[in-house]
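Visitor: Contents of model.cif (mmCIF, C-alpha atoms) are given next:
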data_final
#
loop_
_atom_site.group_PDB
_atom_site.id
_atom_site.type_symbol
_atom_site.label_atom_id
_atom_site.label_comp_id
_atom_site.auth_asym_id
_atom_site.auth_seq_id
_atom_site.Cartn_x
_atom_site.Cartn_y
_atom_site.Cartn_z
ATOM 1 C CA ASP V 1 4.493 4.866 16.337
ATOM 2 C CA GLN V 2 5.206 2.182 13.768
ATOM 3 C CA GLN V 3 2.512 -0.441 14.268
ATOM 4 C CA VAL V 4 3.766 -2.660 11.459
ATOM 5 C CA LYS V 5 7.502 -3.180 11.259
ATOM 6 C CA GLN V 6 9.742 -4.777 8.707
ATOM 7 C CA ASN V 7 13.085 -4.665 10.439
ATOM 8 C CA SER V 8 15.155 -5.875 7.515
ATOM 9 C CA PRO V 9 15.425 -3.160 4.886
ATOM 10 C CA SER V 10 17.006 -5.553 2.417
ATOM 11 C CA LEU V 11 17.548 -9.235 1.703
ATOM 12 C CA SER V 12 19.724 -10.968 -0.868
ATOM 13 C CA VAL V 13 19.075 -14.566 -1.893
ATOM 14 C CA GLN V 14 20.468 -16.912 -4.514
ATOM 15 C CA GLU V 15 18.117 -18.034 -7.276
ATOM 16 C CA GLY V 16 16.391 -21.312 -6.399
ATOM 17 C CA ARG V 17 16.768 -20.835 -2.662
ATOM 18 C CA ILE V 18 14.110 -19.778 -0.191
ATOM 19 C CA SER V 19 13.430 -16.126 0.563
ATOM 20 C CA ILE V 20 11.965 -15.358 3.967
ATOM 21 C CA LEU V 21 10.621 -11.890 4.626
ATOM 22 C CA ASN V 22 9.564 -10.989 8.126
ATOM 23 C CA CYS V 23 7.045 -8.614 9.595
ATOM 24 C CA ASP V 24 6.122 -7.751 13.179
ATOM 25 C CA TYR V 25 3.127 -5.868 14.445
ATOM 26 C CA THR V 26 2.194 -4.346 17.762
ATOM 27 C CA ASN V 27 -1.582 -3.954 17.583
ATOM 28 C CA SER V 28 -3.458 -7.060 18.695
ATOM 29 C CA MET V 29 -6.577 -5.680 17.003
ATOM 30 C CA PHE V 30 -5.183 -6.398 13.547
ATOM 31 C CA ASP V 31 -7.122 -9.271 12.062
ATOM 32 C CA TYR V 32 -6.138 -9.401 8.405
ATOM 33 C CA PHE V 33 -2.689 -9.291 6.899
ATOM 34 C CA LEU V 34 -1.464 -8.839 3.358
ATOM 35 C CA TRP V 35 1.773 -8.876 1.413
ATOM 36 C CA TYR V 36 2.342 -6.595 -1.522
ATOM 37 C CA LYS V 37 5.153 -6.537 -4.045
ATOM 38 C CA LYS V 38 6.341 -3.306 -5.626
ATOM 39 C CA TYR V 39 8.555 -2.702 -8.626
ATOM 40 C CA PRO V 40 10.123 0.738 -9.183
ATOM 41 C CA ALA V 41 7.749 3.289 -10.713
ATOM 42 C CA GLU V 42 4.772 0.982 -10.240
ATOM 43 C CA GLY V 43 2.112 0.636 -7.591
ATOM 44 C CA PRO V 44 2.125 -2.260 -5.123
ATOM 45 C CA THR V 45 0.682 -5.511 -6.414
ATOM 46 C CA PHE V 46 -1.263 -7.777 -4.103
ATOM 47 C CA LEU V 47 0.499 -11.089 -3.492
ATOM 48 C CA ILE V 48 -1.124 -13.049 -0.714
ATOM 49 C CA SER V 49 -3.136 -12.515 2.444
ATOM 50 C CA ILE V 50 -4.060 -14.283 5.644
ATOM 51 C CA SER V 51 -6.850 -13.921 8.138
ATOM 52 C CA SER V 52 -6.132 -14.024 11.854
ATOM 53 C CA ILE V 53 -8.133 -17.240 12.163
ATOM 54 C CA LYS V 54 -5.479 -19.046 10.149
ATOM 55 C CA ASP V 55 -1.787 -19.622 10.687
ATOM 56 C CA LYS V 56 -0.792 -20.454 7.143
ATOM 57 C CA ASN V 57 -1.879 -19.640 3.625
ATOM 58 C CA GLU V 58 -0.199 -20.952 0.509
ATOM 59 C CA ASP V 59 -0.426 -19.839 -3.097
ATOM 60 C CA GLY V 60 2.026 -21.406 -5.487
ATOM 61 C CA ARG V 61 5.561 -20.384 -4.558
ATOM 62 C CA PHE V 62 4.295 -18.002 -1.896
ATOM 63 C CA THR V 63 3.362 -18.979 1.642
ATOM 64 C CA VAL V 64 2.447 -16.650 4.464
ATOM 65 C CA PHE V 65 2.752 -17.772 8.083
ATOM 66 C CA LEU V 66 1.064 -16.004 10.970
ATOM 67 C CA ASN V 67 2.091 -16.365 14.612
ATOM 68 C CA LYS V 68 -0.474 -14.405 16.578
ATOM 69 C CA SER V 69 1.091 -14.982 19.962
ATOM 70 C CA ALA V 70 4.348 -13.500 18.720
ATOM 71 C CA LYS V 71 2.580 -10.890 16.577
ATOM 72 C CA HIS V 72 4.744 -11.982 13.703
ATOM 73 C CA LEU V 73 4.160 -12.976 10.127
ATOM 74 C CA SER V 74 6.483 -14.073 7.398
ATOM 75 C CA LEU V 75 6.405 -14.539 3.659
ATOM 76 C CA HIS V 76 8.244 -17.502 2.183
ATOM 77 C CA ILE V 77 9.097 -17.590 -1.484
ATOM 78 C CA VAL V 78 10.418 -20.874 -2.782
ATOM 79 C CA PRO V 79 12.078 -21.316 -5.122
ATOM 80 C CA SER V 80 13.136 -17.707 -5.483
ATOM 81 C CA GLN V 81 13.468 -16.310 -8.993
ATOM 82 C CA PRO V 82 15.280 -13.212 -10.284
ATOM 83 C CA GLY V 83 11.886 -11.754 -11.242
ATOM 84 C CA ASP V 84 10.952 -11.784 -7.575
ATOM 85 C CA SER V 85 13.439 -8.962 -6.985
ATOM 86 C CA ALA V 86 11.315 -6.075 -5.721
ATOM 87 C CA VAL V 87 10.251 -4.270 -2.570
ATOM 88 C CA TYR V 88 7.877 -6.299 -0.418
ATOM 89 C CA PHE V 89 5.424 -4.570 1.897
ATOM 90 C CA CYS V 90 3.629 -6.156 4.772
ATOM 91 C CA ALA V 91 0.244 -4.598 5.624
ATOM 92 C CA ALA V 92 -2.335 -5.105 8.338
ATOM 93 C CA SER V 93 -5.985 -4.245 8.668
ATOM 94 C CA PRO V 94 -7.399 -3.288 12.069
ATOM 95 C CA LEU V 95 -10.440 -5.244 13.239
ATOM 96 C CA ALA V 96 -12.563 -2.124 13.457
ATOM 97 C CA SER V 97 -11.694 -1.275 9.872
ATOM 98 C CA SER V 98 -11.863 -4.736 8.359
ATOM 99 C CA ASN V 99 -14.918 -3.725 6.394
ATOM 100 C CA THR V 100 -13.556 -0.391 5.273
ATOM 101 C CA GLY V 101 -10.255 -1.573 3.943
ATOM 102 C CA LYS V 102 -7.920 0.671 5.930
ATOM 103 C CA LEU V 103 -4.384 -0.703 5.825
ATOM 104 C CA ILE V 104 -1.298 -0.035 7.914
ATOM 105 C CA PHE V 105 1.939 -0.683 6.024
ATOM 106 C CA GLY V 106 5.412 -1.699 7.076
ATOM 107 C CA GLN V 107 8.471 0.089 5.724
ATOM 108 C CA GLY V 108 9.180 -2.516 3.092
ATOM 109 C CA THR V 109 12.014 -4.987 2.460
ATOM 110 C CA THR V 110 13.982 -4.910 -0.762
ATOM 111 C CA LEU V 111 14.555 -8.425 -2.012
ATOM 112 C CA GLN V 112 17.293 -9.157 -4.494
ATOM 113 C CA VAL V 113 17.414 -12.598 -6.051
ATOM 114 C CA LYS V 114 20.747 -13.266 -7.686
ATOM 115 C CA PRO V 115 20.955 -15.528 -10.740
ATOM 116 C CA GLY D 116 -7.491 -8.744 -12.816
ATOM 117 C CA ALA D 117 -8.485 -5.573 -11.048
ATOM 118 C CA VAL D 118 -6.874 -2.499 -12.543
ATOM 119 C CA VAL D 119 -6.488 0.918 -11.000
ATOM 120 C CA SER D 120 -5.250 3.752 -13.165
ATOM 121 C CA GLN D 121 -3.622 6.823 -11.681
ATOM 122 C CA HIS D 122 -2.842 9.973 -13.625
ATOM 123 C CA PRO D 123 -0.543 11.802 -14.012
ATOM 124 C CA SER D 124 2.462 9.667 -13.194
ATOM 125 C CA ARG D 125 4.721 12.640 -12.666
ATOM 126 C CA VAL D 126 4.187 16.332 -12.040
ATOM 127 C CA ILE D 127 6.739 19.096 -11.736
ATOM 128 C CA CYS D 128 5.360 22.527 -10.977
ATOM 129 C CA LYS D 129 6.035 25.805 -9.260
ATOM 130 C CA SER D 130 5.275 26.564 -5.656
ATOM 131 C CA GLY D 131 1.732 27.862 -5.182
ATOM 132 C CA THR D 132 0.243 25.723 -7.940
ATOM 133 C CA SER D 133 -2.669 23.408 -7.264
ATOM 134 C CA VAL D 134 -2.275 19.897 -8.624
ATOM 135 C CA LYS D 135 -5.041 17.390 -9.292
ATOM 136 C CA ILE D 136 -4.375 13.650 -9.319
ATOM 137 C CA GLU D 137 -6.942 11.200 -10.665
ATOM 138 C CA CYS D 138 -7.530 7.630 -9.587
ATOM 139 C CA ARG D 139 -9.793 5.388 -11.638
ATOM 140 C CA SER D 140 -10.876 1.809 -11.150
ATOM 141 C CA LEU D 141 -11.027 0.506 -14.709
ATOM 142 C CA ASP D 142 -12.847 -2.783 -14.460
ATOM 143 C CA PHE D 143 -14.673 -2.704 -11.159
ATOM 144 C CA GLN D 144 -16.705 -0.384 -8.997
ATOM 145 C CA ALA D 145 -15.162 0.991 -5.848
ATOM 146 C CA THR D 146 -17.287 2.588 -3.179
ATOM 147 C CA THR D 147 -14.143 3.334 -1.254
ATOM 148 C CA MET D 148 -10.753 4.479 -2.480
ATOM 149 C CA PHE D 149 -7.693 5.331 -0.458
ATOM 150 C CA TRP D 150 -4.964 7.914 -0.828
ATOM 151 C CA TYR D 151 -1.470 7.243 0.473
ATOM 152 C CA ARG D 152 1.727 9.209 0.614
ATOM 153 C CA GLN D 153 5.164 7.655 0.622
ATOM 154 C CA PHE D 154 8.332 9.377 1.732
ATOM 155 C CA PRO D 155 11.715 8.057 0.569
ATOM 156 C CA LYS D 156 12.522 4.713 2.185
ATOM 157 C CA LYS D 157 9.384 4.918 4.294
ATOM 158 C CA SER D 158 6.162 2.988 4.343
ATOM 159 C CA LEU D 159 2.976 4.062 2.634
ATOM 160 C CA MET D 160 1.110 6.382 4.968
ATOM 161 C CA LEU D 161 -2.654 6.509 4.648
ATOM 162 C CA MET D 162 -3.789 10.083 4.152
ATOM 163 C CA ALA D 163 -7.515 9.667 3.718
ATOM 164 C CA THR D 164 -10.331 7.342 2.829
ATOM 165 C CA SER D 165 -12.401 8.544 -0.088
ATOM 166 C CA ASN D 166 -16.089 7.609 0.048
ATOM 167 C CA GLU D 167 -18.284 7.804 -3.035
ATOM 168 C CA GLY D 168 -20.958 10.416 -2.590
ATOM 169 C CA SER D 169 -19.795 11.621 0.793
ATOM 170 C CA LYS D 170 -16.969 13.420 2.512
ATOM 171 C CA ALA D 171 -13.559 11.857 2.785
ATOM 172 C CA THR D 172 -12.261 10.626 6.108
ATOM 173 C CA TYR D 173 -8.839 12.082 6.853
ATOM 174 C CA GLU D 174 -6.150 10.571 9.033
ATOM 175 C CA GLN D 175 -4.834 12.491 11.985
ATOM 176 C CA GLY D 176 -2.388 15.185 10.956
ATOM 177 C CA VAL D 177 -3.549 15.442 7.342
ATOM 178 C CA GLU D 178 -4.845 18.889 6.410
ATOM 179 C CA LYS D 179 -8.277 18.658 4.846
ATOM 180 C CA ASP D 180 -8.024 22.040 3.193
ATOM 181 C CA LYS D 181 -4.637 21.191 1.764
ATOM 182 C CA PHE D 182 -5.529 17.829 0.310
ATOM 183 C CA LEU D 183 -8.976 18.010 -1.237
ATOM 184 C CA ILE D 184 -10.579 14.713 -2.102
ATOM 185 C CA ASN D 185 -13.567 14.209 -4.350
ATOM 186 C CA HIS D 186 -15.170 10.850 -5.093
ATOM 187 C CA ALA D 187 -17.847 11.719 -7.598
ATOM 188 C CA SER D 188 -18.487 8.269 -9.001
ATOM 189 C CA LEU D 189 -17.903 4.611 -8.238
ATOM 190 C CA THR D 190 -14.868 4.585 -10.521
ATOM 191 C CA LEU D 191 -13.193 7.940 -9.939
ATOM 192 C CA SER D 192 -11.579 9.704 -7.015
ATOM 193 C CA THR D 193 -9.430 12.821 -7.239
ATOM 194 C CA LEU D 194 -6.866 14.291 -4.889
ATOM 195 C CA THR D 195 -6.075 17.974 -5.276
ATOM 196 C CA VAL D 196 -3.000 19.338 -3.560
ATOM 197 C CA THR D 197 -3.879 22.983 -3.134
ATOM 198 C CA SER D 198 -1.274 25.742 -3.227
ATOM 199 C CA ALA D 199 1.496 23.176 -3.238
ATOM 200 C CA HIS D 200 4.824 23.932 -1.607
ATOM 201 C CA PRO D 201 8.161 22.090 -1.739
ATOM 202 C CA GLU D 202 7.333 20.165 1.438
ATOM 203 C CA ASP D 203 4.379 18.627 -0.428
ATOM 204 C CA SER D 204 6.785 16.963 -2.836
ATOM 205 C CA SER D 205 6.273 13.250 -2.456
ATOM 206 C CA PHE D 206 4.979 10.065 -4.020
ATOM 207 C CA TYR D 207 1.184 9.883 -3.863
ATOM 208 C CA ILE D 208 -0.595 6.635 -4.545
ATOM 209 C CA CYS D 209 -4.224 5.580 -4.577
ATOM 210 C CA SER D 210 -5.887 2.254 -4.074
ATOM 211 C CA ALA D 211 -9.351 0.780 -4.383
ATOM 212 C CA ALA D 212 -11.190 -2.327 -3.347
ATOM 213 C CA ARG D 213 -14.186 -3.799 -5.070
ATOM 214 C CA THR D 214 -17.496 -2.693 -3.653
ATOM 215 C CA GLY D 215 -18.532 -5.208 -1.029
ATOM 216 C CA ALA D 216 -15.032 -6.542 -0.474
ATOM 217 C CA ALA D 217 -12.701 -4.557 1.745
ATOM 218 C CA GLN D 218 -9.634 -6.499 0.652
ATOM 219 C CA PRO D 219 -7.465 -6.828 -1.212
ATOM 220 C CA GLN D 220 -6.849 -3.288 -2.279
ATOM 221 C CA HIS D 221 -5.517 -2.690 -5.760
ATOM 222 C CA PHE D 222 -3.103 0.135 -6.286
ATOM 223 C CA GLY D 223 -2.446 2.643 -8.986
ATOM 224 C CA ASP D 224 1.105 3.253 -10.153
ATOM 225 C CA GLY D 225 1.456 6.425 -8.139
ATOM 226 C CA THR D 226 2.198 10.062 -8.897
ATOM 227 C CA ARG D 227 5.588 11.607 -8.280
ATOM 228 C CA LEU D 228 4.939 15.226 -7.311
ATOM 229 C CA SER D 229 7.846 17.665 -7.345
ATOM 230 C CA ILE D 230 7.267 21.250 -6.281
ATOM 231 C CA LEU D 231 9.996 23.695 -7.198
#
What would you get if you wrote out this structure as structure tokens?
Guide:
Amino acid sequence: DQQVKQNSPSLSVQEGRISILNCDYTNSMFDYFLWYKKYPAEGPTFLISISSIKDKNEDGRFTVFLNKSAKHLSLHIVPSQPGDSAVYFCAASPLASSNTGKLIFGQGTTLQVKP
Amino acid sequence: GAVVSQHPSRVICKSGTSVKIECRSLDFQATTMFWYRQFPKKSLMLMATSNEGSKATYEQGVEKDKFLINHASLTLSTLTVTSAHPEDSSFYICSAARTGAAQPQHFGDGTRLSIL
């Protein structure tokens, strides 16, 4: 049972344009969401997060949107840069585990930004 | 920034060997560390939560006797894959969060385990 889903395994975007990565979840008890970026042979690197009490969080070129009613979140990267090419993981933390740090991950989306 | 070091990065060994993987938080203390396993083109699956000074909490379906976890200090957790077999071949990765802050977790670079 995949509680966090990233339905697009890959995405290709032209440099300078917007990249939009999507994530859906099924468990309404998730209350904290994170995006991680992963390069080959490295561990995931934290990018940005959002609490369920918010619907938007912005950090530089990265913005995360949360739509609780649709159980959907998205990561917007603008403008996209070739160095953004990586695998992006969406992760969610269940309410009961928000103090323990347990995370449920999506399958990942491979983003390729073309020069 | 927060740094988590994982060692070794790659292990190739014969079936029946036990393999120990170390996870260290280099510049912060971590009461809790996490061990994940990733299959090809799949998401990271949480195996267990490692608690400093107490027993690890394993996820459903993860064999406790197969994957031994020790969290002896606030900066070190180890995962030992006992009597490894080819089906244990995978990418294992640890993470840690600062004590007192459940998120975000910071990840090591992972260990590629290959059992022949």
Visitor: Select all residues from chain V having any atom no more than 8 Å from an atom of chain D (counting only C-alpha atoms, ignoring ligands), output as a count of residues only.
Guide: 19
Visitor: Decode the PyMOL selection byres ((chain V and resi 6-23) around 6) for the given file into explicit residues and return them as a PyMOL selection string.
Guide: chain V and resi 5+24+72-81+106-107+109-115
Visitor: Name the residues that the PyMOL selection byres ((chain V and resi 31) around 8) pulls out of this structure, and write them as a ChimeraX atom specification.
Guide: /V:28-30,32-33,51-52,92-95,98
Visitor: Run the PyMOL selection byres ((chain D and resi 133) around 7) on the file and write out the hits as a list in words.
Guide: Gly131, Thr132, Val134, Lys135, Thr195, Val196, Thr197, Ser198 and Ala199 of chain D
Visitor: List as a list in words the protein and nucleic acid residues near Leu47 in chain V, meaning an atom at most 7 Å away when only C-alpha atoms are counted, but skip any in the same chain fewer than 2 places from it.
Guide: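 Non-adjacent residues within range: Trp35, Tyr36, Lys37 and Thr45 of chain V.
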Visitor: I'd like the interatomic distance between CA of Lys179 in chain D and CA of Ser204 in chain D, to a tenth of an Å.
Guide: 17.0 Å
Visitor: Arg213 in chain D: which residues within 7 Å, counting only C-alpha atoms, same-chain residues fewer than 6 positions away excluded, as a PyMOL selection string?
Guide: chain D and resi 143-145
Visitor: Pick out the closest residue to Pro123 in chain D from this set: D:Thr214, D:Ser140, D:Tyr207, D:Pro155. Count all atoms listed in the file.
Guide: D:Tyr207
Visitor: Set the distance at 8 Å and use all atoms listed in the file: which residues neighbour range 182-188 of chain D once local chain neighbours fewer than 4 positions away are removed? I'd like the list as a list of chain:residue names.
Guide: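 Selected residues are D:Ser165, D:Asn166, D:Glu167, D:Gly168, D:Ser169, D:Lys170, D:Ala171, D:Val177, D:Glu178, D:Ser192, D:Thr193, D:Leu194, D:Thr195, D:Val196, D:Thr197.
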Visitor: Could you model all heavy atoms for range 24-35 of chain V and present them as an mmCIF file, keeping the file's coordinate frame?
Guide:
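part.cif was written with the following content:
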data_model
loop_
_atom_site.group_PDB
_atom_site.id
_atom_site.type_symbol
_atom_site.label_atom_id
_atom_site.label_comp_id
_atom_site.auth_asym_id
_atom_site.auth_seq_id
_atom_site.Cartn_x
_atom_site.Cartn_y
_atom_site.Cartn_z
ATOM 1 N N ASP V 24 6.637 -7.740 11.809
ATOM 2 C CA ASP V 24 6.122 -7.751 13.179
ATOM 3 C C ASP V 24 5.089 -6.649 13.350
ATOM 4 O O ASP V 24 5.188 -5.608 12.712
ATOM 5 C CB ASP V 24 7.277 -7.531 14.181
ATOM 6 C CG ASP V 24 8.298 -8.639 14.124
ATOM 7 O OD1 ASP V 24 7.944 -9.776 14.449
ATOM 8 O OD2 ASP V 24 9.444 -8.361 13.713
ATOM 9 N N TYR V 25 4.129 -6.891 14.188
ATOM 10 C CA TYR V 25 3.127 -5.868 14.445
ATOM 11 C C TYR V 25 2.888 -5.744 15.942
ATOM 12 O O TYR V 25 3.194 -6.653 16.727
ATOM 13 C CB TYR V 25 1.820 -6.166 13.694
ATOM 14 C CG TYR V 25 1.151 -7.475 14.057
ATOM 15 C CD1 TYR V 25 0.134 -7.521 15.002
ATOM 16 C CD2 TYR V 25 1.528 -8.661 13.430
ATOM 17 C CE1 TYR V 25 -0.492 -8.713 15.326
ATOM 18 C CE2 TYR V 25 0.905 -9.859 13.751
ATOM 19 C CZ TYR V 25 -0.097 -9.884 14.691
ATOM 20 O OH TYR V 25 -0.719 -11.065 15.014
ATOM 21 N N THR V 26 2.360 -4.610 16.331
ATOM 22 C CA THR V 26 2.194 -4.346 17.762
ATOM 23 C C THR V 26 0.734 -4.321 18.196
ATOM 24 O O THR V 26 0.444 -4.496 19.379
ATOM 25 C CB THR V 26 2.836 -3.002 18.139
ATOM 26 O OG1 THR V 26 2.229 -1.961 17.351
ATOM 27 C CG2 THR V 26 4.336 -3.016 17.867
ATOM 28 N N ASN V 27 -0.171 -4.119 17.247
ATOM 29 C CA ASN V 27 -1.582 -3.954 17.583
ATOM 30 C C ASN V 27 -2.314 -5.297 17.521
ATOM 31 O O ASN V 27 -2.463 -5.881 16.458
ATOM 32 C CB ASN V 27 -2.211 -2.950 16.610
ATOM 33 C CG ASN V 27 -3.604 -2.511 17.042
ATOM 34 O OD1 ASN V 27 -4.280 -3.204 17.793
ATOM 35 N ND2 ASN V 27 -4.019 -1.358 16.562
ATOM 36 N N SER V 28 -2.775 -5.765 18.654
ATOM 37 C CA SER V 28 -3.458 -7.060 18.695
ATOM 38 C C SER V 28 -4.835 -7.004 18.031
ATOM 39 O O SER V 28 -5.491 -8.040 17.871
ATOM 40 C CB SER V 28 -3.596 -7.529 20.149
ATOM 41 O OG SER V 28 -4.307 -6.561 20.901
ATOM 42 N N MET V 29 -5.284 -5.807 17.661
ATOM 43 C CA MET V 29 -6.577 -5.680 17.003
ATOM 44 C C MET V 29 -6.492 -5.907 15.493
ATOM 45 O O MET V 29 -7.527 -5.907 14.816
ATOM 46 C CB MET V 29 -7.177 -4.299 17.282
ATOM 47 C CG MET V 29 -7.431 -4.043 18.750
ATOM 48 S SD MET V 29 -8.495 -5.281 19.504
ATOM 49 C CE MET V 29 -10.062 -4.878 18.750
ATOM 50 N N PHE V 30 -5.300 -6.080 14.972
ATOM 51 C CA PHE V 30 -5.183 -6.398 13.547
ATOM 52 C C PHE V 30 -5.729 -7.803 13.320
ATOM 53 O O PHE V 30 -5.394 -8.736 14.045
ATOM 54 C CB PHE V 30 -3.726 -6.350 13.096
ATOM 55 C CG PHE V 30 -3.146 -4.968 13.037
ATOM 56 C CD1 PHE V 30 -1.799 -4.755 13.304
ATOM 57 C CD2 PHE V 30 -3.913 -3.871 12.692
ATOM 58 C CE1 PHE V 30 -1.246 -3.488 13.244
ATOM 59 C CE2 PHE V 30 -3.367 -2.594 12.620
ATOM 60 C CZ PHE V 30 -2.030 -2.410 12.905
ATOM 61 N N ASP V 31 -6.558 -7.949 12.291
ATOM 62 C CA ASP V 31 -7.122 -9.271 12.062
ATOM 63 C C ASP V 31 -6.963 -9.777 10.641
ATOM 64 O O ASP V 31 -7.442 -10.871 10.304
ATOM 65 C CB ASP V 31 -8.609 -9.282 12.447
ATOM 66 C CG ASP V 31 -9.466 -8.506 11.461
ATOM 67 O OD1 ASP V 31 -8.924 -7.626 10.764
ATOM 68 O OD2 ASP V 31 -10.673 -8.783 11.377
ATOM 69 N N TYR V 32 -6.313 -8.982 9.798
ATOM 70 C CA TYR V 32 -6.138 -9.401 8.405
ATOM 71 C C TYR V 32 -4.821 -8.834 7.932
ATOM 72 O O TYR V 32 -4.525 -7.657 8.179
ATOM 73 C CB TYR V 32 -7.299 -8.869 7.554
ATOM 74 C CG TYR V 32 -7.432 -9.527 6.208
ATOM 75 C CD1 TYR V 32 -8.004 -10.783 6.076
ATOM 76 C CD2 TYR V 32 -6.989 -8.878 5.056
ATOM 77 C CE1 TYR V 32 -8.127 -11.390 4.842
ATOM 78 C CE2 TYR V 32 -7.124 -9.475 3.820
ATOM 79 C CZ TYR V 32 -7.692 -10.728 3.712
ATOM 80 O OH TYR V 32 -7.816 -11.328 2.489
ATOM 81 N N PHE V 33 -4.045 -9.696 7.278
ATOM 82 C CA PHE V 33 -2.689 -9.291 6.899
ATOM 83 C C PHE V 33 -2.457 -9.576 5.422
ATOM 84 O O PHE V 33 -2.950 -10.583 4.889
ATOM 85 C CB PHE V 33 -1.658 -10.044 7.754
ATOM 86 C CG PHE V 33 -1.869 -9.868 9.229
ATOM 87 C CD1 PHE V 33 -2.713 -10.719 9.927
ATOM 88 C CD2 PHE V 33 -1.227 -8.842 9.916
ATOM 89 C CE1 PHE V 33 -2.931 -10.548 11.290
ATOM 90 C CE2 PHE V 33 -1.433 -8.665 11.271
ATOM 91 C CZ PHE V 33 -2.284 -9.516 11.956
ATOM 92 N N LEU V 34 -1.703 -8.695 4.791
ATOM 93 C CA LEU V 34 -1.464 -8.839 3.358
ATOM 94 C C LEU V 34 0.012 -8.582 3.043
ATOM 95 O O LEU V 34 0.699 -7.853 3.768
ATOM 96 C CB LEU V 34 -2.304 -7.833 2.564
ATOM 97 C CG LEU V 34 -3.810 -7.812 2.796
ATOM 98 C CD1 LEU V 34 -4.179 -6.830 3.903
ATOM 99 C CD2 LEU V 34 -4.550 -7.419 1.514
ATOM 100 N N TRP V 35 0.442 -9.167 1.965
ATOM 101 C CA TRP V 35 1.773 -8.876 1.413
ATOM 102 C C TRP V 35 1.600 -8.301 0.017
ATOM 103 O O TRP V 35 0.828 -8.820 -0.793
ATOM 104 C CB TRP V 35 2.639 -10.131 1.350
ATOM 105 C CG TRP V 35 3.207 -10.549 2.669
ATOM 106 C CD1 TRP V 35 2.679 -11.457 3.531
ATOM 107 C CD2 TRP V 35 4.417 -10.075 3.278
ATOM 108 N NE1 TRP V 35 3.479 -11.578 4.640
ATOM 109 C CE2 TRP V 35 4.549 -10.742 4.512
ATOM 110 C CE3 TRP V 35 5.400 -9.154 2.898
ATOM 111 C CZ2 TRP V 35 5.641 -10.523 5.371
ATOM 112 C CZ3 TRP V 35 6.469 -8.933 3.745
ATOM 113 C CH2 TRP V 35 6.592 -9.613 4.971
#
